[in-house]
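What follows is a short report on a single structure.
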Amino acid sequence: MASVEMTMQAPLDVVWQVCTDLEHCADYIESIVSVDIVDRNVPELFAKGTTWDETREMFGTQAKERMWIESVSDQSSYVVAAESCGAKYSTVFEFEEVEGNQTLVRCSFDAKPLTWCAWLMNLLMAPLMASTMRKGLLKDLGDIAKEAKSRTKAK
């Protein structure tokens, strides 16, 4: 499991808007190459059940994963899930308004092995992957913070 947090210089509503903007996040999150919405069988684009294919630059190569919104609590938290290589991945985002028109964002990533092989790989690679995931999450949050601050100034 990897967890990070960052205080962003933008109000909660703006940070939430930036974090949930699936259609445009590839424009401001550097590691995301593209997002293709797969399932819009929900009234809102960002709601439980929304599914998309996300292509990211990782370890010098592009990787594409099918992801979905597992749960949403408006402007408070949401969970993104994916399954790949015998594991289920969950990323939890939590938002808290703090003094001075700022927003604290907490982000945690977890992988649950679904197969024996994935369990063994998790046992061997977890310490290394936790550090790599923390760095990636912090980079994404930094990109989000920059975009949120830019949108706040544009208001």
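In the structure tokens, chains take letters A, B, ... by order of appearance, with residues numbered from 1 within each chain and ligands from 1 in the order shown.
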Produce a table with one row for each residue of stretch 45-143 of chain A that has an atom at most 7 Å from any atom of stretch 18-35 of chain A, each row naming the nearest atom pair and its distance in Å at one decimal; use only C-alpha atoms; arrange rows by chain and rising residue number; format as a tab-separated table.
```
residue	atom	partner	partner_atom	distance
A:Phe46	CA	A:Thr20	CA	6.4
A:Trp52	CA	A:Val35	CA	6.6
A:Asp53	CA	A:Val35	CA	5.7
A:Glu54	CA	A:Val35	CA	4.6
A:Thr55	CA	A:Ser34	CA	5.2
A:Arg56	CA	A:Ile32	CA	4.4
A:Glu57	CA	A:Ser31	CA	5.2
A:Asp140	CA	A:Ile29	CA	6.0
A:Asp143	CA	A:Ile29	CA	5.3
```
Those residues you just picked out, can you put them in a file as a PDB file, in the first residue's frame with N, CA and C atoms?
```pdb
ATOM      1  N   PHE A  46     -18.987  11.383 -14.092  1.00  0.00           N
ATOM      2  CA  PHE A  46     -18.185  10.897 -12.967  1.00  0.00           C
ATOM      3  C   PHE A  46     -19.127  10.381 -11.892  1.00  0.00           C
ATOM      4  N   TRP A  52     -13.526   3.575 -18.016  1.00  0.00           N
ATOM      5  CA  TRP A  52     -12.695   4.160 -19.061  1.00  0.00           C
ATOM      6  C   TRP A  52     -11.414   3.360 -19.231  1.00  0.00           C
ATOM      7  N   ASP A  53     -10.798   3.537 -20.393  1.00  0.00           N
ATOM      8  CA  ASP A  53      -9.472   2.986 -20.659  1.00  0.00           C
ATOM      9  C   ASP A  53      -8.474   4.127 -20.509  1.00  0.00           C
ATOM     10  N   GLU A  54      -7.496   3.937 -19.655  1.00  0.00           N
ATOM     11  CA  GLU A  54      -6.494   4.959 -19.397  1.00  0.00           C
ATOM     12  C   GLU A  54      -5.134   4.454 -19.840  1.00  0.00           C
ATOM     13  N   THR A  55      -4.470   5.239 -20.682  1.00  0.00           N
ATOM     14  CA  THR A  55      -3.125   4.906 -21.132  1.00  0.00           C
ATOM     15  C   THR A  55      -2.159   5.843 -20.426  1.00  0.00           C
ATOM     16  N   ARG A  56      -1.151   5.249 -19.769  1.00  0.00           N
ATOM     17  CA  ARG A  56      -0.157   6.018 -19.022  1.00  0.00           C
ATOM     18  C   ARG A  56       1.243   5.659 -19.495  1.00  0.00           C
ATOM     19  N   GLU A  57       2.120   6.614 -19.320  1.00  0.00           N
ATOM     20  CA  GLU A  57       3.547   6.375 -19.529  1.00  0.00           C
ATOM     21  C   GLU A  57       4.090   5.858 -18.198  1.00  0.00           C
ATOM     22  N   ASP A 140       1.356  12.924  -9.785  1.00  0.00           N
ATOM     23  CA  ASP A 140      -0.004  13.193 -10.259  1.00  0.00           C
ATOM     24  C   ASP A 140      -0.666  14.290  -9.423  1.00  0.00           C
ATOM     25  N   ASP A 143       0.639  17.657 -10.402  1.00  0.00           N
ATOM     26  CA  ASP A 143       0.037  18.122 -11.664  1.00  0.00           C
ATOM     27  C   ASP A 143      -1.381  18.622 -11.431  1.00  0.00           C
TER      28      ASP A 143
END
```
Using DSSP assignments from the backbone, pull out every residue in stretch 61-112 of chain A that falls under strand (DSSP E) and give it to me as a PyMOL selection string.
chain A and resi 61-73+77-84+87-98+102-112
Just give me the gap between atom CA of A:Asp110 and atom CA of A:Lys149 in Å, one decimal is fine.
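Value for the atom CA of A:Asp110-atom CA of A:Lys149 distance: 28.2 Å.
Each of A:Val98, A:Cys85, A:Val15, A:Met58 was checked against A:Thr132 using only C-alpha atoms; the smallest atom-to-atom distance is that of A:Met58.
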Residues within 6 Å of A:Ala81, only C-alpha atoms, excluding chain neighbours under 3 positions, as a tab-separated table (two decimals) with all heavy atoms, in the first residue's frame:
```
chain	number	residue	atom	x	y	z
A	67	MET	N	-10.38	0.99	-16.20
A	67	MET	CA	-10.61	1.46	-14.84
A	67	MET	C	-12.08	1.82	-14.68
A	67	MET	O	-12.77	2.06	-15.67
A	67	MET	CB	-9.74	2.69	-14.55
A	67	MET	CG	-8.26	2.43	-14.84
A	67	MET	SD	-7.26	3.89	-14.69
A	67	MET	CE	-6.70	3.65	-13.03
A	68	TRP	N	-12.55	1.87	-13.43
A	68	TRP	CA	-13.93	2.25	-13.18
A	68	TRP	C	-14.05	2.92	-11.82
A	68	TRP	O	-13.22	2.74	-10.94
A	68	TRP	CB	-14.87	1.05	-13.27
A	68	TRP	CG	-14.60	-0.03	-12.27
A	68	TRP	CD1	-15.14	-0.15	-11.02
A	68	TRP	CD2	-13.71	-1.14	-12.42
A	68	TRP	NE1	-14.65	-1.27	-10.40
A	68	TRP	CE2	-13.78	-1.90	-11.24
A	68	TRP	CE3	-12.88	-1.58	-13.45
A	68	TRP	CZ2	-13.03	-3.05	-11.05
A	68	TRP	CZ3	-12.13	-2.73	-13.26
A	68	TRP	CH2	-12.22	-3.46	-12.08
A	89	TYR	N	-6.68	-3.54	-8.17
A	89	TYR	CA	-6.06	-2.31	-7.71
A	89	TYR	C	-7.14	-1.31	-7.31
A	89	TYR	O	-8.13	-1.16	-8.02
A	89	TYR	CB	-5.20	-1.70	-8.82
A	89	TYR	CG	-4.13	-2.66	-9.31
A	89	TYR	CD1	-4.33	-3.44	-10.45
A	89	TYR	CD2	-2.95	-2.81	-8.60
A	89	TYR	CE1	-3.36	-4.33	-10.89
A	89	TYR	CE2	-1.97	-3.71	-9.04
A	89	TYR	CZ	-2.19	-4.46	-10.18
A	89	TYR	OH	-1.24	-5.34	-10.59
A	90	SER	N	-6.93	-0.63	-6.20
A	90	SER	CA	-7.86	0.40	-5.74
A	90	SER	C	-7.07	1.65	-5.36
A	90	SER	O	-6.06	1.56	-4.66
A	90	SER	CB	-8.64	-0.07	-4.51
A	90	SER	OG	-9.44	-1.18	-4.83
```
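When only C-alpha atoms are used to measure the gap to A:Gln17, the shortest distance among A:Glu99, A:Glu5, A:Glu65, A:Asp74 belongs to A:Asp74.
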Selection near A:Ala10, 10 Å with only C-alpha atoms, sequence-local residues under 6 positions removed, as a ChimeraX atom specification
/A:16,97-98,100-104,145-153
Can you spit out the residues from that selection as a PDB file, in the first residue's frame, using N, CA, C and O atoms?
```pdb
ATOM      1  N   TRP A  16     -11.893  19.350  -6.646  1.00  0.00           N
ATOM      2  CA  TRP A  16     -12.785  18.237  -6.994  1.00  0.00           C
ATOM      3  C   TRP A  16     -13.040  18.224  -8.510  1.00  0.00           C
ATOM      4  O   TRP A  16     -12.969  17.175  -9.145  1.00  0.00           O
ATOM      5  N   GLU A  97     -11.482  20.324   3.075  1.00  0.00           N
ATOM      6  CA  GLU A  97     -11.265  21.768   2.993  1.00  0.00           C
ATOM      7  C   GLU A  97     -10.484  22.208   4.228  1.00  0.00           C
ATOM      8  O   GLU A  97     -10.791  21.790   5.344  1.00  0.00           O
ATOM      9  N   VAL A  98      -9.445  23.002   4.021  1.00  0.00           N
ATOM     10  CA  VAL A  98      -8.645  23.501   5.135  1.00  0.00           C
ATOM     11  C   VAL A  98      -8.590  25.026   5.071  1.00  0.00           C
ATOM     12  O   VAL A  98      -8.984  25.623   4.069  1.00  0.00           O
ATOM     13  N   GLY A 100      -7.762  28.953   4.749  1.00  0.00           N
ATOM     14  CA  GLY A 100      -7.119  29.731   3.704  1.00  0.00           C
ATOM     15  C   GLY A 100      -7.508  29.319   2.296  1.00  0.00           C
ATOM     16  O   GLY A 100      -6.717  29.455   1.374  1.00  0.00           O
ATOM     17  N   ASN A 101      -8.738  28.776   2.148  1.00  0.00           N
ATOM     18  CA  ASN A 101      -9.219  28.413   0.818  1.00  0.00           C
ATOM     19  C   ASN A 101      -8.327  27.357   0.151  1.00  0.00           C
ATOM     20  O   ASN A 101      -8.048  27.423  -1.034  1.00  0.00           O
ATOM     21  N   GLN A 102      -7.874  26.406   0.957  1.00  0.00           N
ATOM     22  CA  GLN A 102      -7.005  25.340   0.483  1.00  0.00           C
ATOM     23  C   GLN A 102      -7.727  23.999   0.625  1.00  0.00           C
ATOM     24  O   GLN A 102      -8.729  23.903   1.326  1.00  0.00           O
ATOM     25  N   THR A 103      -7.167  22.986  -0.021  1.00  0.00           N
ATOM     26  CA  THR A 103      -7.756  21.646   0.037  1.00  0.00           C
ATOM     27  C   THR A 103      -6.666  20.620   0.302  1.00  0.00           C
ATOM     28  O   THR A 103      -5.652  20.599  -0.402  1.00  0.00           O
ATOM     29  N   LEU A 104      -6.888  19.787   1.305  1.00  0.00           N
ATOM     30  CA  LEU A 104      -5.995  18.677   1.586  1.00  0.00           C
ATOM     31  C   LEU A 104      -6.516  17.463   0.813  1.00  0.00           C
ATOM     32  O   LEU A 104      -7.689  17.099   0.932  1.00  0.00           O
ATOM     33  N   ALA A 145      -2.582  19.800  -8.554  1.00  0.00           N
ATOM     34  CA  ALA A 145      -2.479  21.048  -7.787  1.00  0.00           C
ATOM     35  C   ALA A 145      -2.182  22.239  -8.696  1.00  0.00           C
ATOM     36  O   ALA A 145      -2.759  23.319  -8.536  1.00  0.00           O
ATOM     37  N   LYS A 146      -1.286  22.041  -9.638  1.00  0.00           N
ATOM     38  CA  LYS A 146      -0.933  23.106 -10.586  1.00  0.00           C
ATOM     39  C   LYS A 146      -2.153  23.519 -11.419  1.00  0.00           C
ATOM     40  O   LYS A 146      -2.425  24.710 -11.599  1.00  0.00           O
ATOM     41  N   GLU A 147      -2.909  22.539 -11.911  1.00  0.00           N
ATOM     42  CA  GLU A 147      -4.102  22.831 -12.708  1.00  0.00           C
ATOM     43  C   GLU A 147      -5.177  23.508 -11.863  1.00  0.00           C
ATOM     44  O   GLU A 147      -5.832  24.461 -12.310  1.00  0.00           O
ATOM     45  N   ALA A 148      -5.372  23.036 -10.630  1.00  0.00           N
ATOM     46  CA  ALA A 148      -6.373  23.620  -9.742  1.00  0.00           C
ATOM     47  C   ALA A 148      -6.027  25.076  -9.427  1.00  0.00           C
ATOM     48  O   ALA A 148      -6.901  25.958  -9.419  1.00  0.00           O
ATOM     49  N   LYS A 149      -4.766  25.347  -9.173  1.00  0.00           N
ATOM     50  CA  LYS A 149      -4.328  26.719  -8.888  1.00  0.00           C
ATOM     51  C   LYS A 149      -4.554  27.614 -10.111  1.00  0.00           C
ATOM     52  O   LYS A 149      -5.022  28.744  -9.992  1.00  0.00           O
ATOM     53  N   SER A 150      -4.272  27.082 -11.288  1.00  0.00           N
ATOM     54  CA  SER A 150      -4.484  27.823 -12.536  1.00  0.00           C
ATOM     55  C   SER A 150      -5.963  28.142 -12.741  1.00  0.00           C
ATOM     56  O   SER A 150      -6.322  29.255 -13.100  1.00  0.00           O
ATOM     57  N   ARG A 151      -6.831  27.168 -12.491  1.00  0.00           N
ATOM     58  CA  ARG A 151      -8.280  27.391 -12.643  1.00  0.00           C
ATOM     59  C   ARG A 151      -8.807  28.367 -11.607  1.00  0.00           C
ATOM     60  O   ARG A 151      -9.724  29.121 -11.882  1.00  0.00           O
ATOM     61  N   THR A 152      -8.201  28.352 -10.401  1.00  0.00           N
ATOM     62  CA  THR A 152      -8.613  29.286  -9.355  1.00  0.00           C
ATOM     63  C   THR A 152      -8.285  30.719  -9.753  1.00  0.00           C
ATOM     64  O   THR A 152      -9.080  31.637  -9.595  1.00  0.00           O
ATOM     65  N   LYS A 153      -7.101  30.918 -10.323  1.00  0.00           N
ATOM     66  CA  LYS A 153      -6.682  32.258 -10.769  1.00  0.00           C
ATOM     67  C   LYS A 153      -7.545  32.752 -11.925  1.00  0.00           C
ATOM     68  O   LYS A 153      -7.786  33.942 -12.066  1.00  0.00           O
TER      69      LYS A 153
END
```
